[in-house]
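Undergrad: Quick one: structure below, then a few questions.
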Amino acid sequence: MDSHISTPPALELIGISKSFGPVQANKDISIRVMPGTIHGIIGENGAGKSTLMSILFGFYKADKGDIKINGRHTLIPDSQAAIAAGIGMVFQHFKLVHNFTVLENIILGAEGGMMLSQSLSAARKSLKKLADDYELNVDPDAKIEDLSVGHQQRVEILKALYRKADILILDEPTGVLTPAEADHLFRILDNLRREGKSIILITHKLREIMEATDSCSVMRRGEMVETVKTADSSPAELAELMVGRKVLLEVDKVPAQPGAPILEIENLRHVDEQGVERLKGIDLTIRAGEVLGIAGVAGNGQTQLLEVLGGYAHATGTIRVNGTELDLTGKLSDGQSRRANGIAHVPEDRHHEGLILPFTAWENTAFGYHHDDRYQKGILMSNKAIKQDAQEKIERFDVRPPNPNLAARNFSGGNQQKIVVAREIERNPEVLLIGQPTRGVDIGAIEFIHKQIIELRDKGKAVLLVSVELDEIFALSDRIAVMFDGHITGERLATETNAQELGLLMAGETNTQEAAHG
Amino acid sequence: MDFLTLLQVLDSTVRLATPLLLACMAGLFSERAGVFDIGLEGKMLFAAFSAGAVAYVTGSAWLGLIAAIAGSVLFALIHGLASITFRGNQLISGVAINFLASGLTVLIAQNWFKQGGRTPSVFSGGRFEEITLPFAETLGSVPIFGPIYADLISGHAILVYIAFAVVPISAFVLYKTRFGLRLRAVGEAPDAVDTAGISVVRLRYTAVIICGVLCGIAGAYLAIGLQAGFVREMTAGRGFIALAALIFANWRPWYAMGTCLLFGLLQAVALRYQNIDLGGITLPVQLMDALPYILTVILLAGFVGKPQPPRAGGEAYVKER
């Protein structure tokens, strides 16, 4: 026990401060990470987590403060020094060369000799050992572009381990992973911890902090608010520390009062450009005042379902909105006509489909609705009217900073999503399609967006929610349909099912009674 | 066409392909590192002038070559400064270099030599003479192989052999060495290189300097290998043809050699057969002269496969966060 106490922390940050002009990104931050532990750093977008890690990896120089590694003062002027000090970083956006093989990516910068052939064969050997030790299996000769996102992430971890990293930093590692891939990642991290590595997990997902970490630091507006032992804390406490006020983790809603069917889908089929049938006869009905959640592992046809409903993919079958049949293949099968039919769409990918990033916020609040009469002045578009409208939306939705002239790309993920949601919900649509509403969105904004969805439902509208986050599906849905391989494998009332049953349906098992008992 | 004519056309192909090949390999190094270079033409032109001027004054071909390389590297560094250090637009920088070379060469040549923007003719000693390889004469009498060796392989300036040696050397460097791995990586994903602790700026400057050296050799070959002195605009678009060859070759060394030889062949055919009579129709000489350029346009229009340029090409690297 005594020897344990005398072990210095693997990493200690003392009084780190960093400002960019007038903005103080980090204020007097101190953290201790003990060897063989997973330490979480949680905070909303813009809380200063990434700046802190960039200082640790030598991208920025701190204005003040010390870094100690294994009890020794260490200067980290650049990435090379960070790597030499045993720090490995897995960025949110992977730093891989897409057309290189796994091996080539791993040795890049750590070749060890002028000629590649020895470096490659040495790397191949140690890669095999790492794979066996930590469940980090990747084909060393596969090209990065042919690998799934989960495997690409393993390559990043392998890169760090190959450089003998003892401190591994992961920045929002599960943002791009399927639930199964995320589970595998946490198994890997657990293996690494057992080997005595120290892991820093940066995330804004409370569940991951609770499940994976030993201790956890909460950051808010550049400051370290609190460091707690995870076991002694609770999600509610952490959320409150993070946001600075009480946060409702459960969505506050009354039971649904479903009315007449608004959206009716019958035998919907869609074949994509590669000739693969992605929707294989979908039947769904959503009634007034109801949220239907579509659960499923990403890539089982949810995206195509939203595309067909949103009017930018053709299909066969029938879709009716309030009894009016929609054109699925002809001239009236586009976003414009769908909006005219009362369908609003918050797309899954806000960067490519929801927003035009270089355009300003006020321009983005009008896209798709720019033909609205109130935006017109004679034959011209009235920028003044759009701007005024945008200003009001920004205030109502608490978009920060409240500046409609800022380009969309300069807002954080949560605020970008608020702009899209404001544009779509404010039209009071009959049907709202909403895909991954809170992907990459911080917890304060999640609460807000969820509240908007429920409000729309309570006005007697139909909501189709697609999400890969089961927590979100449960929090919002009145009914849950599970998609697998282009089919609906089952429909359940949210109150009468559980994650385990949905998991079976997500894996394509339709007879959940039998599977659960067998 | 008899065997001897064929040999002569091929011989001429090799000579004409040499400057293209050097410029193409120059572009390959620069562009593989993520720095697009449409200034190959300008660098070659300035190198040609430097070679012509220095070789005339000193009477030494080797000093001419050194001057050519120095001049071309100077221009390459300007391009590097603009596009790597100051993160300017690489196309605009390249265009500027072409204009600068085009004007500067004629201006200086006129000021120094007063011959209408050309350098005086360089005589033996100032030129790279044709080398006769060992046994060329004795083997010449062997049927088929003899003439190929004596006329096609032997009898070129040293720079031709250098140009063709650059191809396997480049392929080896690019695919078998640490430097090559990093060079290819920095053209595809500079952020990966940066986070691996390697300097993106230093790598790109190295690539740009290699590009300058190779363009320098190409220019020297034009002025004091192929011809005997510098003439205004003597590169005649070869830098752009080299660029087209590079795209056609999908930025790979051996393929680059193939495409440069193809362009060389077209030029050689145009030189040899001024008017081609196809019984009835006569293809005019202008058409033959235009062939390499027409092919360039066709290739660039994307009729031949889909080129896959280095992903980070044309963009300055700015560290994120």
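Identifiers in this document derive from the order of the structure tokens: chains are assigned A, B, ..., residues are numbered from 1 separately in each chain, and ligands are numbered from 1 in order of occurrence.
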Given a cut-off of 9 Å, which residues of chain A touch chain B, counting only C-alpha atoms, written out as a PyMOL selection string?

TA: chain A and resi 50-51+54+57+59-60+78-83+89+94-100+104-105+108-117+119

Undergrad: As a PDB file with C-alpha atoms, in the first residue's frame, please: the residues near B:Gly42 (cut-off 12 Å, only C-alpha atoms, same-chain neighbours under 6 positions excluded).

TA:
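Below is the file that was written, selection28.pdb:
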ATOM      1  CA  ALA B  23      10.442  18.114 -66.124  1.00  0.00           C
ATOM      2  CA  ALA B  48      17.969  27.117 -70.277  1.00  0.00           C
ATOM      3  CA  PHE B  49      18.919  30.765 -70.338  1.00  0.00           C
ATOM      4  CA  GLY B  71      18.743  29.432 -61.517  1.00  0.00           C
ATOM      5  CA  SER B  72      15.981  26.861 -61.500  1.00  0.00           C
ATOM      6  CA  VAL B  73      16.322  26.181 -57.769  1.00  0.00           C
ATOM      7  CA  LEU B  74      16.130  29.919 -57.140  1.00  0.00           C
ATOM      8  CA  PHE B  75      12.792  30.000 -58.948  1.00  0.00           C
ATOM      9  CA  ALA B  76      11.668  26.872 -57.107  1.00  0.00           C
ATOM     10  CA  ILE B  78      10.329  31.560 -54.829  1.00  0.00           C
ATOM     11  CA  HIS B  79       7.469  29.150 -55.485  1.00  0.00           C
ATOM     12  CA  SER B  93       2.487  31.476 -57.915  1.00  0.00           C
ATOM     13  CA  GLY B  94       3.208  29.066 -60.773  1.00  0.00           C
ATOM     14  CA  VAL B  95       1.717  31.397 -63.362  1.00  0.00           C
ATOM     15  CA  ALA B  96       3.758  34.268 -61.950  1.00  0.00           C
ATOM     16  CA  ILE B  97       6.933  32.210 -62.273  1.00  0.00           C
ATOM     17  CA  ASN B  98       6.159  31.429 -65.902  1.00  0.00           C
ATOM     18  CA  PHE B  99       5.647  35.096 -66.736  1.00  0.00           C
ATOM     19  CA  LEU B 100       8.684  36.136 -64.764  1.00  0.00           C
ATOM     20  CA  ALA B 101      10.909  33.628 -66.562  1.00  0.00           C
ATOM     21  CA  SER B 102       9.502  34.493 -69.948  1.00  0.00           C
ATOM     22  CA  GLY B 103      10.214  38.208 -69.533  1.00  0.00           C
ATOM     23  CA  LEU B 104      13.374  38.065 -67.496  1.00  0.00           C
ATOM     24  CA  THR B 105      15.273  35.694 -69.814  1.00  0.00           C
ATOM     25  CA  GLY B 212      14.159  22.786 -59.111  1.00  0.00           C
ATOM     26  CA  CYS B 215      13.997  21.344 -64.048  1.00  0.00           C
ATOM     27  CA  GLY B 216      17.485  22.845 -64.111  1.00  0.00           C
ATOM     28  CA  ALA B 218      16.002  19.793 -68.278  1.00  0.00           C
ATOM     29  CA  GLY B 219      16.656  23.422 -69.157  1.00  0.00           C
ATOM     30  CA  ARG B 232      13.541  33.056 -76.488  1.00  0.00           C
ATOM     31  CA  GLU B 233      10.635  30.801 -75.410  1.00  0.00           C
ATOM     32  CA  MET B 234      12.708  27.787 -76.345  1.00  0.00           C
ATOM     33  CA  THR B 235      10.795  25.531 -73.920  1.00  0.00           C
ATOM     34  CA  ALA B 236       7.752  25.885 -76.207  1.00  0.00           C
ATOM     35  CA  GLY B 237       5.212  24.539 -73.751  1.00  0.00           C
ATOM     36  CA  ARG B 238       7.260  21.487 -72.768  1.00  0.00           C
ATOM     37  CA  GLY B 239       6.633  22.259 -69.110  1.00  0.00           C
ATOM     38  CA  PHE B 240       2.909  21.990 -69.697  1.00  0.00           C
TER      39      PHE B 240
END

Undergrad: As JSON, numbers by chain, please: every residue in stretch 110-242 of chain A that DSSP puts in strand (DSSP E).

TA: {"A": [167, 168, 169, 170, 171, 198, 199, 200, 201, 202, 203, 215, 216, 217, 218, 219, 220, 223, 224, 225, 226, 227, 228, 229]}

Undergrad: Would you write out those residues with C-alpha atoms, as a PDB file, in the first residue's frame?

TA:
ATOM      1  CA  ILE A 167      -0.245   7.899 -21.769  1.00  0.00           C
ATOM      2  CA  LEU A 168      -2.988   7.589 -24.349  1.00  0.00           C
ATOM      3  CA  ILE A 169      -5.338  10.483 -25.018  1.00  0.00           C
ATOM      4  CA  LEU A 170      -8.574   9.814 -26.901  1.00  0.00           C
ATOM      5  CA  ASP A 171     -10.613  12.781 -28.093  1.00  0.00           C
ATOM      6  CA  SER A 198      -2.800   5.700 -18.362  1.00  0.00           C
ATOM      7  CA  ILE A 199      -5.699   6.747 -20.499  1.00  0.00           C
ATOM      8  CA  ILE A 200      -7.336  10.135 -20.816  1.00  0.00           C
ATOM      9  CA  LEU A 201     -10.802   9.939 -22.306  1.00  0.00           C
ATOM     10  CA  ILE A 202     -12.274  13.191 -23.554  1.00  0.00           C
ATOM     11  CA  THR A 203     -15.992  12.995 -24.146  1.00  0.00           C
ATOM     12  CA  SER A 215     -11.856   9.290 -12.112  1.00  0.00           C
ATOM     13  CA  CYS A 216     -13.160  12.244 -13.976  1.00  0.00           C
ATOM     14  CA  SER A 217     -12.504  15.960 -14.316  1.00  0.00           C
ATOM     15  CA  VAL A 218     -15.201  18.353 -15.351  1.00  0.00           C
ATOM     16  CA  MET A 219     -14.347  21.446 -17.386  1.00  0.00           C
ATOM     17  CA  ARG A 220     -16.511  24.471 -17.919  1.00  0.00           C
ATOM     18  CA  GLU A 223     -11.792  26.144 -15.984  1.00  0.00           C
ATOM     19  CA  MET A 224     -11.449  22.882 -14.159  1.00  0.00           C
ATOM     20  CA  VAL A 225     -14.590  22.775 -12.079  1.00  0.00           C
ATOM     21  CA  GLU A 226     -14.096  19.566 -10.169  1.00  0.00           C
ATOM     22  CA  THR A 227     -12.293  16.242 -10.187  1.00  0.00           C
ATOM     23  CA  VAL A 228     -14.226  13.319  -8.798  1.00  0.00           C
ATOM     24  CA  LYS A 229     -13.914   9.578  -8.349  1.00  0.00           C
TER      25      LYS A 229
END

Undergrad: Let me make sure I understand: among B:Leu65, B:Val231, B:Met44, B:Leu271, which one has the smallest atom-to-atom distance to B:Pro120 if we use only C-alpha atoms?

TA: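 The shortest atom-to-atom distance to B:Pro120 comes from B:Val231.
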
Undergrad: Which is closest to B:Ala33 among B:Gly126, B:Pro147, B:Gly80, B:Gly258, if we use only C-alpha atoms?

TA: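 Looking only at the distances to B:Ala33, the closest residue turns out to be B:Gly80.
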